[in-house]
file model.pdb (PDB, C-alpha atoms)
ATOM      1  CA  MET E  26      15.962   1.771  -4.198  1.00  0.00           C
ATOM      2  CA  THR E  27      13.290   3.957  -2.694  1.00  0.00           C
ATOM      3  CA  LEU E  28      10.852   3.368   0.142  1.00  0.00           C
ATOM      4  CA  ARG E  29       7.322   3.938  -1.127  1.00  0.00           C
ATOM      5  CA  PRO E  30       4.413   5.108   1.023  1.00  0.00           C
ATOM      6  CA  ILE E  31       1.856   2.359   1.644  1.00  0.00           C
ATOM      7  CA  LEU E  32      -1.807   3.248   1.073  1.00  0.00           C
ATOM      8  CA  ILE E  33      -4.132   2.819   4.046  1.00  0.00           C
ATOM      9  CA  HIS E  34      -7.687   1.465   3.686  1.00  0.00           C
ATOM     10  CA  PRO E  35     -10.120   2.927   2.761  1.00  0.00           C
ATOM     11  CA  ASP E  36      -8.590   4.103  -0.518  1.00  0.00           C
ATOM     12  CA  PRO E  37     -10.314   3.488  -3.865  1.00  0.00           C
ATOM     13  CA  ARG E  38      -7.049   2.290  -5.448  1.00  0.00           C
ATOM     14  CA  LEU E  39      -7.066  -0.681  -3.064  1.00  0.00           C
ATOM     15  CA  LYS E  40     -10.453  -1.757  -4.455  1.00  0.00           C
ATOM     16  CA  THR E  41      -9.470  -1.412  -8.134  1.00  0.00           C
ATOM     17  CA  LEU E  42      -8.609  -4.278 -10.492  1.00  0.00           C
ATOM     18  CA  ALA E  43      -4.925  -3.961 -11.429  1.00  0.00           C
ATOM     19  CA  GLU E  44      -3.856  -3.954 -15.091  1.00  0.00           C
ATOM     20  CA  PRO E  45      -1.603  -6.680 -16.528  1.00  0.00           C
ATOM     21  CA  VAL E  46       2.051  -5.713 -16.944  1.00  0.00           C
ATOM     22  CA  PRO E  47       2.664  -5.715 -20.735  1.00  0.00           C
ATOM     23  CA  ALA E  48       6.449  -6.261 -20.593  1.00  0.00           C
ATOM     24  CA  ILE E  49       9.359  -6.551 -18.187  1.00  0.00           C
ATOM     25  CA  THR E  50      11.115  -3.185 -18.351  1.00  0.00           C
ATOM     26  CA  ASP E  51      13.722  -1.369 -16.284  1.00  0.00           C
ATOM     27  CA  GLU E  52      10.844   0.610 -14.764  1.00  0.00           C
ATOM     28  CA  ILE E  53       9.165  -2.633 -13.625  1.00  0.00           C
ATOM     29  CA  ARG E  54      12.478  -3.902 -12.194  1.00  0.00           C
ATOM     30  CA  ARG E  55      12.931  -0.631 -10.253  1.00  0.00           C
ATOM     31  CA  LEU E  56       9.344  -0.845  -8.999  1.00  0.00           C
ATOM     32  CA  ALA E  57       9.947  -4.425  -7.820  1.00  0.00           C
ATOM     33  CA  ASP E  58      13.165  -3.375  -6.018  1.00  0.00           C
ATOM     34  CA  ASP E  59      11.342  -0.472  -4.339  1.00  0.00           C
ATOM     35  CA  MET E  60       8.496  -2.773  -3.329  1.00  0.00           C
ATOM     36  CA  LEU E  61      10.853  -5.332  -1.769  1.00  0.00           C
ATOM     37  CA  GLU E  62      12.647  -2.603   0.174  1.00  0.00           C
ATOM     38  CA  THR E  63       9.298  -1.152   1.314  1.00  0.00           C
ATOM     39  CA  MET E  64       7.967  -4.608   2.304  1.00  0.00           C
ATOM     40  CA  TYR E  65      11.051  -5.504   4.363  1.00  0.00           C
ATOM     41  CA  ASP E  66      11.113  -2.051   5.982  1.00  0.00           C
ATOM     42  CA  ALA E  67       7.416  -2.168   6.991  1.00  0.00           C
ATOM     43  CA  PRO E  68       8.047  -5.062   8.026  1.00  0.00           C
ATOM     44  CA  GLY E  69       5.825  -7.418   6.069  1.00  0.00           C
ATOM     45  CA  ILE E  70       5.890 -10.688   4.134  1.00  0.00           C
ATOM     46  CA  GLY E  71       4.081  -9.474   1.012  1.00  0.00           C
ATOM     47  CA  LEU E  72       3.227  -6.313  -0.887  1.00  0.00           C
ATOM     48  CA  ALA E  73       1.149  -5.771  -4.028  1.00  0.00           C
ATOM     49  CA  ALA E  74       1.661  -2.833  -6.381  1.00  0.00           C
ATOM     50  CA  PRO E  75      -1.828  -1.358  -5.703  1.00  0.00           C
ATOM     51  CA  GLN E  76      -0.781  -0.925  -2.062  1.00  0.00           C
ATOM     52  CA  ILE E  77       1.706   1.728  -3.183  1.00  0.00           C
ATOM     53  CA  GLY E  78      -0.718   3.273  -5.663  1.00  0.00           C
ATOM     54  CA  LYS E  79       0.521   1.425  -8.793  1.00  0.00           C
ATOM     55  CA  LEU E  80      -2.374  -0.383 -10.449  1.00  0.00           C
ATOM     56  CA  SER E  81      -0.184  -3.065 -12.041  1.00  0.00           C
ATOM     57  CA  ARG E  82      -0.375  -6.844 -11.576  1.00  0.00           C
ATOM     58  CA  LEU E  83       2.886  -7.128  -9.659  1.00  0.00           C
ATOM     59  CA  LEU E  84       3.540  -8.488  -6.184  1.00  0.00           C
ATOM     60  CA  VAL E  85       6.536  -9.210  -4.016  1.00  0.00           C
ATOM     61  CA  MET E  86       6.741 -11.623  -1.108  1.00  0.00           C
ATOM     62  CA  ASP E  87       9.061 -13.414   1.252  1.00  0.00           C
ATOM     63  CA  ALA E  88       7.299 -15.662   3.755  1.00  0.00           C
ATOM     64  CA  THR E  89      10.548 -17.137   5.116  1.00  0.00           C
ATOM     65  CA  LYS E  90      10.370 -17.291   8.897  1.00  0.00           C
ATOM     66  CA  GLU E  91      13.355 -15.962  10.828  1.00  0.00           C
ATOM     67  CA  ASP E  92      14.334 -19.425  12.075  1.00  0.00           C
ATOM     68  CA  GLU E  93      14.153 -20.940   8.559  1.00  0.00           C
ATOM     69  CA  GLY E  94      17.359 -19.377   7.279  1.00  0.00           C
ATOM     70  CA  ALA E  95      18.071 -17.092   4.349  1.00  0.00           C
ATOM     71  CA  ALA E  96      15.489 -14.698   2.932  1.00  0.00           C
ATOM     72  CA  ARG E  97      13.753 -15.702  -0.308  1.00  0.00           C
ATOM     73  CA  PRO E  98      12.520 -12.503  -1.975  1.00  0.00           C
ATOM     74  CA  MET E  99      10.134 -13.273  -4.829  1.00  0.00           C
ATOM     75  CA  VAL E 100       8.752 -10.995  -7.549  1.00  0.00           C
ATOM     76  CA  LEU E 101       5.639 -12.219  -9.358  1.00  0.00           C
ATOM     77  CA  VAL E 102       4.410 -10.350 -12.442  1.00  0.00           C
ATOM     78  CA  ASN E 103       0.895 -11.126 -13.741  1.00  0.00           C
ATOM     79  CA  PRO E 104       0.463 -14.014 -11.259  1.00  0.00           C
ATOM     80  CA  LYS E 105      -2.492 -16.351 -11.514  1.00  0.00           C
ATOM     81  CA  VAL E 106      -3.608 -19.347  -9.486  1.00  0.00           C
ATOM     82  CA  THR E 107      -3.708 -22.364 -11.793  1.00  0.00           C
ATOM     83  CA  TRP E 108      -4.665 -24.959  -9.163  1.00  0.00           C
ATOM     84  CA  GLU E 109      -5.920 -24.990  -5.607  1.00  0.00           C
ATOM     85  CA  SER E 110      -6.291 -27.822  -3.130  1.00  0.00           C
ATOM     86  CA  GLU E 111      -9.629 -28.929  -1.791  1.00  0.00           C
ATOM     87  CA  SER E 112      -8.172 -28.875   1.715  1.00  0.00           C
ATOM     88  CA  ARG E 113      -8.418 -25.545   3.510  1.00  0.00           C
ATOM     89  CA  SER E 114      -6.363 -23.777   6.140  1.00  0.00           C
ATOM     90  CA  VAL E 115      -7.031 -20.849   8.422  1.00  0.00           C
ATOM     91  CA  TYR E 116      -4.392 -18.210   9.149  1.00  0.00           C
ATOM     92  CA  GLU E 117      -4.627 -15.047  11.164  1.00  0.00           C
ATOM     93  CA  GLU E 118      -3.991 -12.462   8.459  1.00  0.00           C
ATOM     94  CA  GLY E 119      -2.923  -8.863   8.656  1.00  0.00           C
ATOM     95  CA  CYS E 120      -2.152  -6.296   5.980  1.00  0.00           C
ATOM     96  CA  LEU E 121       0.254  -3.401   5.596  1.00  0.00           C
ATOM     97  CA  SER E 122      -2.689  -1.344   4.260  1.00  0.00           C
ATOM     98  CA  ILE E 123      -4.757  -2.185   7.360  1.00  0.00           C
ATOM     99  CA  PRO E 124      -2.179  -1.747  10.149  1.00  0.00           C
ATOM    100  CA  GLU E 125      -2.549  -3.481  13.507  1.00  0.00           C
ATOM    101  CA  GLN E 126      -5.732  -5.318  12.513  1.00  0.00           C
ATOM    102  CA  PHE E 127      -5.828  -9.108  12.256  1.00  0.00           C
ATOM    103  CA  ALA E 128      -8.467 -11.744  11.555  1.00  0.00           C
ATOM    104  CA  ASP E 129      -8.716 -15.424  10.718  1.00  0.00           C
ATOM    105  CA  VAL E 130      -9.222 -16.066   6.998  1.00  0.00           C
ATOM    106  CA  GLU E 131      -9.869 -19.471   5.449  1.00  0.00           C
ATOM    107  CA  ARG E 132      -8.223 -20.218   2.095  1.00  0.00           C
ATOM    108  CA  PRO E 133      -7.068 -23.246   0.087  1.00  0.00           C
ATOM    109  CA  ALA E 134      -4.165 -24.886   1.955  1.00  0.00           C
ATOM    110  CA  GLU E 135      -2.117 -25.247  -1.241  1.00  0.00           C
ATOM    111  CA  VAL E 136      -2.089 -23.390  -4.541  1.00  0.00           C
ATOM    112  CA  GLU E 137      -0.113 -23.569  -7.740  1.00  0.00           C
ATOM    113  CA  VAL E 138       0.704 -20.176  -9.208  1.00  0.00           C
ATOM    114  CA  GLU E 139       2.069 -19.205 -12.607  1.00  0.00           C
ATOM    115  CA  TRP E 140       3.750 -15.834 -13.172  1.00  0.00           C
ATOM    116  CA  LEU E 141       6.192 -13.916 -15.296  1.00  0.00           C
ATOM    117  CA  GLY E 142       9.573 -13.383 -13.666  1.00  0.00           C
ATOM    118  CA  LEU E 143      11.836 -10.365 -13.995  1.00  0.00           C
ATOM    119  CA  ASP E 144      13.902 -12.609 -16.298  1.00  0.00           C
ATOM    120  CA  GLY E 145      10.983 -12.512 -18.790  1.00  0.00           C
ATOM    121  CA  LYS E 146      10.301 -16.243 -18.360  1.00  0.00           C
ATOM    122  CA  THR E 147       7.157 -17.972 -17.145  1.00  0.00           C
ATOM    123  CA  HIS E 148       7.529 -19.617 -13.749  1.00  0.00           C
ATOM    124  CA  SER E 149       5.264 -21.935 -11.797  1.00  0.00           C
ATOM    125  CA  GLU E 150       5.397 -23.141  -8.218  1.00  0.00           C
ATOM    126  CA  ARG E 151       3.191 -24.927  -5.716  1.00  0.00           C
ATOM    127  CA  PHE E 152       2.920 -23.070  -2.405  1.00  0.00           C
ATOM    128  CA  ASP E 153       1.685 -24.337   0.945  1.00  0.00           C
ATOM    129  CA  GLY E 154       1.514 -23.081   4.523  1.00  0.00           C
ATOM    130  CA  LEU E 155       2.213 -19.398   5.069  1.00  0.00           C
ATOM    131  CA  TRP E 156       3.520 -19.050   1.484  1.00  0.00           C
ATOM    132  CA  ALA E 157       0.141 -20.200   0.092  1.00  0.00           C
ATOM    133  CA  THR E 158      -1.742 -17.775   2.330  1.00  0.00           C
ATOM    134  CA  CYS E 159       0.600 -14.917   1.428  1.00  0.00           C
ATOM    135  CA  VAL E 160       0.454 -15.394  -2.352  1.00  0.00           C
ATOM    136  CA  GLN E 161      -3.357 -15.661  -2.294  1.00  0.00           C
ATOM    137  CA  HIS E 162      -3.624 -12.553  -0.093  1.00  0.00           C
ATOM    138  CA  GLU E 163      -1.401 -10.562  -2.480  1.00  0.00           C
ATOM    139  CA  ILE E 164      -3.205 -11.793  -5.620  1.00  0.00           C
ATOM    140  CA  ASP E 165      -6.438 -10.674  -3.927  1.00  0.00           C
ATOM    141  CA  HIS E 166      -4.952  -7.157  -3.793  1.00  0.00           C
ATOM    142  CA  LEU E 167      -4.424  -7.277  -7.571  1.00  0.00           C
ATOM    143  CA  ASP E 168      -8.125  -8.119  -7.913  1.00  0.00           C
ATOM    144  CA  GLY E 169      -9.273  -5.284  -5.634  1.00  0.00           C
ATOM    145  CA  TRP E 170      -9.916  -7.521  -2.611  1.00  0.00           C
ATOM    146  CA  LEU E 171      -8.723  -7.060   0.979  1.00  0.00           C
ATOM    147  CA  PHE E 172      -8.602  -9.725   3.661  1.00  0.00           C
ATOM    148  CA  ILE E 173     -11.405  -7.913   5.500  1.00  0.00           C
ATOM    149  CA  ASP E 174     -13.697  -8.642   2.526  1.00  0.00           C
ATOM    150  CA  TYR E 175     -13.787 -12.247   3.829  1.00  0.00           C
ATOM    151  CA  LEU E 176     -15.122 -11.101   7.216  1.00  0.00           C
ATOM    152  CA  LYS E 177     -18.675 -10.587   8.385  1.00  0.00           C
ATOM    153  CA  PRO E 178     -20.017  -7.075   7.646  1.00  0.00           C
ATOM    154  CA  MET E 179     -19.989  -5.893  11.282  1.00  0.00           C
ATOM    155  CA  LYS E 180     -16.323  -6.809  11.819  1.00  0.00           C
ATOM    156  CA  ARG E 181     -15.360  -5.310   8.414  1.00  0.00           C
ATOM    157  CA  GLN E 182     -17.151  -2.039   9.241  1.00  0.00           C
ATOM    158  CA  MET E 183     -15.484  -1.864  12.664  1.00  0.00           C
ATOM    159  CA  ILE E 184     -12.020  -2.248  11.108  1.00  0.00           C
ATOM    160  CA  THR E 185     -12.829   0.307   8.397  1.00  0.00           C
ATOM    161  CA  ARG E 186     -13.897   2.851  11.041  1.00  0.00           C
ATOM    162  CA  LYS E 187     -10.606   2.282  12.883  1.00  0.00           C
ATOM    163  CA  MET E 188      -8.683   2.894   9.651  1.00  0.00           C
ATOM    164  CA  ILE E 189     -10.586   6.136   8.957  1.00  0.00           C
ATOM    165  CA  LYS E 190      -9.706   7.305  12.464  1.00  0.00           C
ATOM    166  CA  LEU E 191      -6.042   6.312  11.961  1.00  0.00           C
ATOM    167  CA  LYS E 192      -5.864   8.223   8.650  1.00  0.00           C
ATOM    168  CA  ARG E 193      -7.338  11.314  10.341  1.00  0.00           C
ATOM    169  CA  GLU E 194      -4.800  11.094  13.163  1.00  0.00           C
ATOM    170  CA  ARG E 195      -1.891  10.693  10.707  1.00  0.00           C
ATOM    171  CA  ALA E 196      -3.141  13.642   8.638  1.00  0.00           C
ATOM    172  CA  ARG E 197      -3.039  15.862  11.732  1.00  0.00           C
ATOM    173  CA  GLY E 198       0.591  14.833  12.225  1.00  0.00           C
TER     174      GLY E 198
END

call {"tool": "encode", "arguments": {"input": "model.pdb", "output": "structure tokens"}}
result
Amino acid sequence: MTLRPILIHPDPRLKTLAEPVPAITDEIRRLADDMLETMYDAPGIGLAAPQIGKLSRLLVMDATKEDEGAARPMVLVNPKVTWESESRSVYEEGCLSIPEQFADVERPAEVEVEWLGLDGKTHSERFDGLWATCVQHEIDHLDGWLFIDYLKPMKRQMITRKMIKLKRERARG
């Protein structure tokens, strides 16, 4: 497994619609392993392939809280929301591609998602709480959306300016 560098906003790849994964291959399995390692190392609870520069519809997540017990790493290939609740919830979201920036985002409180697993089979699960927020956030990445796209323009521009400054500082070393 290899740690992959995480893209920082603004980067055009983060705003690009990801392509469906045509088949589960060894390359896709390696990518998923690398993404899980990168996500846990960051540390984060979710990571979408576009965040590491791969424009494929693949995400990994593990929204298990430390006090909830064993980790539950999940790999979702070509995920799609098939149902969403009318009830809404608000979570303070952050993003590995927008470090140290957080904002409240309102989303459906529950969603049902269908995806292809690394076993080549179709899976479906209903998510709620932090899991529902996480899977929706990561699917947004596959559609070229960032959590800041839900914010008012002034707040979004302020965060974007901070990220440009951060990228400049990192480039200087």

call {"tool": "residues_around", "arguments": {"input": "model.pdb", "residues": "segment 85-87 of chain E", "least_positions_apart": "4", "cutoff": "8 Å", "atoms": "all atoms listed in the file", "output": "PyMOL selection string"}}
result
chain E and resi 57+60-61+64+70-73+96-101+156+159-160

call {"tool": "write_last_selection", "arguments": {"input": "model.pdb", "atoms": "C-alpha atoms", "output": "mmCIF file, in the frame of the given file"}}
result
data_model
loop_
_atom_site.group_PDB
_atom_site.id
_atom_site.type_symbol
_atom_site.label_atom_id
_atom_site.label_comp_id
_atom_site.auth_asym_id
_atom_site.auth_seq_id
_atom_site.Cartn_x
_atom_site.Cartn_y
_atom_site.Cartn_z
ATOM 1 C CA ALA E 57 9.947 -4.425 -7.820
ATOM 2 C CA MET E 60 8.496 -2.773 -3.329
ATOM 3 C CA LEU E 61 10.853 -5.332 -1.769
ATOM 4 C CA MET E 64 7.967 -4.608 2.304
ATOM 5 C CA ILE E 70 5.890 -10.688 4.134
ATOM 6 C CA GLY E 71 4.081 -9.474 1.012
ATOM 7 C CA LEU E 72 3.227 -6.313 -0.887
ATOM 8 C CA ALA E 73 1.149 -5.771 -4.028
ATOM 9 C CA ALA E 96 15.489 -14.698 2.932
ATOM 10 C CA ARG E 97 13.753 -15.702 -0.308
ATOM 11 C CA PRO E 98 12.520 -12.503 -1.975
ATOM 12 C CA MET E 99 10.134 -13.273 -4.829
ATOM 13 C CA VAL E 100 8.752 -10.995 -7.549
ATOM 14 C CA LEU E 101 5.639 -12.219 -9.358
ATOM 15 C CA TRP E 156 3.520 -19.050 1.484
ATOM 16 C CA CYS E 159 0.600 -14.917 1.428
ATOM 17 C CA VAL E 160 0.454 -15.394 -2.352
#

call {"tool": "closest_residue", "arguments": {"input": "model.pdb", "among": "E:Ala128, E:Ala43, E:Asp165, E:Asp66", "to": "Lys177 of chain E", "atoms": "all atoms listed in the file"}}
result
E:Ala128

call {"tool": "closest_residue", "arguments": {"input": "model.pdb", "among": "E:Trp170, E:Gly154, E:Tyr116, E:Pro124", "to": "Lys190 of chain E", "atoms": "all atoms listed in the file"}}
result
E:Pro124

call {"tool": "closest_residue", "arguments": {"input": "model.pdb", "among": "E:Val115, E:Leu171, E:Leu121, E:Arg195", "to": "Ala157 of chain E", "atoms": "only C-alpha atoms"}}
result
E:Val115

call {"tool": "atom_distance", "arguments": {"input": "model.pdb", "atom1": "atom CA of Gly78 of chain E", "atom2": "atom CA of Pro133 of chain E"}}
result
27.9 Å

call {"tool": "resolve_selection", "arguments": {"input": "model.pdb", "expression": "the PyMOL selection byres ((chain E and resi 151) around 7)", "output": "PyMOL selection string"}}
result
chain E and resi 135-138+150+152-153

call {"tool": "resolve_selection", "arguments": {"input": "model.pdb", "expression": "the PyMOL selection byres ((chain E and resi 164) around 9)", "output": "PyMOL selection string"}}
result
chain E and resi 73+82-84+104-106+159-163+165-170

call {"tool": "atom_distance", "arguments": {"input": "model.pdb", "atom1": "atom CA of Glu117 of chain E", "atom2": "atom CA of Lys192 of chain E"}}
result
23.4 Å

call {"tool": "atom_distance", "arguments": {"input": "model.pdb", "atom1": "atom CA of Thr107 of chain E", "atom2": "atom CA of Thr147 of chain E"}}
result
12.9 Å

call {"tool": "resolve_selection", "arguments": {"input": "model.pdb", "expression": "the PyMOL selection byres ((chain E and resi 114) around 6)", "output": "ChimeraX atom specification"}}
result
/E:113,115,131-132,134

call {"tool": "closest_residue", "arguments": {"input": "model.pdb", "among": "E:Leu80, E:Lys146, E:Leu39, E:Pro30", "to": "Asp59 of chain E", "atoms": "all atoms listed in the file"}}
result
E:Pro30

call {"tool": "closest_residue", "arguments": {"input": "model.pdb", "among": "E:Ala88, E:Leu143, E:Ile123, E:Leu191", "to": "Leu155 of chain E", "atoms": "all atoms listed in the file"}}
result
E:Ala88

call {"tool": "closest_residue", "arguments": {"input": "model.pdb", "among": "E:Thr27, E:Arg181, E:Ser81, E:Pro35", "to": "Arg193 of chain E", "atoms": "only C-alpha atoms"}}
result
E:Pro35

call {"tool": "axis_aligned_box", "arguments": {"input": "model.pdb", "around": "segment 89-104 of chain E", "padding_each_side": "4 Å", "output": "JSON"}}
result
{"center_x": 9.3, "center_y": -15.6, "center_z": -0.8, "size_x": 25.6, "size_y": 18.6, "size_z": 33.8}
